[in-house]
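Everything below concerns the one structure shown next.
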Amino acid sequence: MDDTNIIIVDDSEDILSALKRELGDEHYDTLLAQSGDEALQILSNVPCKIIISDVKMPVMDGFELLEKVKSLYPDMIRVVLSGHTDVKLVLEIVNERGIDRYLTKPWNTVDLKSTINQCIELYDLRMEVTKLRERLNN
């Protein structure tokens with residue numbers, strides 16, 4: 001999985017530092033942003049397979065950010081990282097907003113890494129299907 005980048009967006013520097021530290025031994029590069037605008041700036045320069053975003057952030061919340069990402073980068077896997085554990089809210093996020101996965105704070109590092117790896121595989125499979133469809137249509 002060469003050239004695999006993920007981006008994590010959270011307004012808390014402590015959360016970003018902890019995630020960067022816990023994911024430091026993984027096979028992908030982890031980029032960090034403290035706001036939606038910063039994330040969009042990074043994404044305009046560095047392709048990423050996954051975006052993981054907090055929900056509650058000032059100026060642009062995570063839902064707004066993920067909607068913009070969906071529009072600009074429709075193939076990118078979108079993951080919410082939130083302290084909300086309300087089952088109804090989780091189902092709304094995943095089903096109605098087109099979010100691929102939901103992670104809770106505090107996170108379990110093993111689950112976090114497993115989820116990210118599954119999302120990378122999902123992205124790679126989607127890209128493979130797209131390539132195969134293009135070959136069939138030519």
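Ligands are numbered from 1 in the order shown, chains are lettered A, B, ... in the order of the structure tokens, and residues start at 1 in each chain.
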Write out as a list in words all residues of segment 49-131 of chain A that backbone DSSP assigns to strand (DSSP E or B).
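Answer for segment 49-131 of chain A restricted to strand (DSSP E or B) is Ile50, Ile51, Ile52, Ser53, Asp54, Ile77, Arg78, Val79, Val80, Leu81, Ser82, Arg101, Tyr102, Leu103 and Thr104 of chain A.
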Written selection (C-alpha atoms) as a tab-separated table (two decimals), in the first residue's frame:
chain	number	residue	atom	x	y	z
A	50	ILE	CA	-9.23	8.37	4.15
A	51	ILE	CA	-10.37	11.40	6.11
A	52	ILE	CA	-11.17	10.96	9.79
A	53	SER	CA	-12.91	13.99	11.27
A	54	ASP	CA	-14.20	15.09	14.63
A	77	ILE	CA	-13.41	7.13	2.56
A	78	ARG	CA	-15.09	9.34	5.17
A	79	VAL	CA	-14.91	8.46	8.87
A	80	VAL	CA	-16.37	10.32	11.85
A	81	LEU	CA	-14.49	10.32	15.17
A	82	SER	CA	-16.79	11.57	17.91
A	101	ARG	CA	-17.46	4.50	9.27
A	102	TYR	CA	-17.91	5.85	12.78
A	103	LEU	CA	-15.33	5.73	15.57
A	104	THR	CA	-15.92	6.81	19.15
Produce a table with one row for each residue of segment 78-109 of chain A that has an atom at most 10 Å from any atom of segment 14-28 of chain A, each row naming the nearest atom pair and its distance in Å at one decimal; use only C-alpha atoms; arrange rows by chain and rising residue number; format as a tab-separated table.
residue	atom	partner	partner_atom	distance
A:Lys105	CA	A:Ile15	CA	9.6
A:Pro106	CA	A:Ile15	CA	9.7
A:Trp107	CA	A:Leu19	CA	9.5
A:Thr109	CA	A:Glu22	CA	7.1
Output N, CA and C atoms for every residue in the selection just made, as a PDB file, in the first residue's frame.
ATOM      1  N   LYS A 105     -14.830   8.363  20.599  1.00  0.00           N
ATOM      2  CA  LYS A 105     -13.830   8.827  21.554  1.00  0.00           C
ATOM      3  C   LYS A 105     -14.351   8.439  22.924  1.00  0.00           C
ATOM      4  N   PRO A 106     -13.539   7.936  23.800  1.00  0.00           N
ATOM      5  CA  PRO A 106     -12.149   7.542  23.539  1.00  0.00           C
ATOM      6  C   PRO A 106     -12.113   6.303  22.653  1.00  0.00           C
ATOM      7  N   TRP A 107     -11.070   6.181  21.884  1.00  0.00           N
ATOM      8  CA  TRP A 107     -10.960   5.085  20.941  1.00  0.00           C
ATOM      9  C   TRP A 107     -10.113   3.967  21.527  1.00  0.00           C
ATOM     10  N   THR A 109      -7.186   1.589  20.472  1.00  0.00           N
ATOM     11  CA  THR A 109      -6.150   1.670  19.442  1.00  0.00           C
ATOM     12  C   THR A 109      -6.206   0.502  18.469  1.00  0.00           C
TER      13      THR A 109
END
Pick the closest to Cys119 of chain A from A:Glu134, A:Asp86, A:Glu96, A:Asp75: which is it, counting only C-alpha atoms?
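Selected residue with least distance to Cys119 of chain A: A:Asp75.
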Pick from A:Val94, A:Ala39, A:Ile6, A:Leu72, whichever lies nearest to Ile120 of chain A using only C-alpha atoms:
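Answer, going by the shortest atom-to-atom distance: A:Ile6.
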Expressed in Å to a single decimal, how great is the separation between atom CA of Phe63 of chain A and atom CA of Leu40 of chain A?
13.4 Å
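The interatomic distance for the pair atom CA of Glu121 of chain A and atom CA of Leu136 of chain A works out to 22.4 Å.
You can rank A:Val69, A:Val9, A:Ile42, A:Val110 by their closest distance to Met57 of chain A using only C-alpha atoms, and at the top of that list sits A:Val9.
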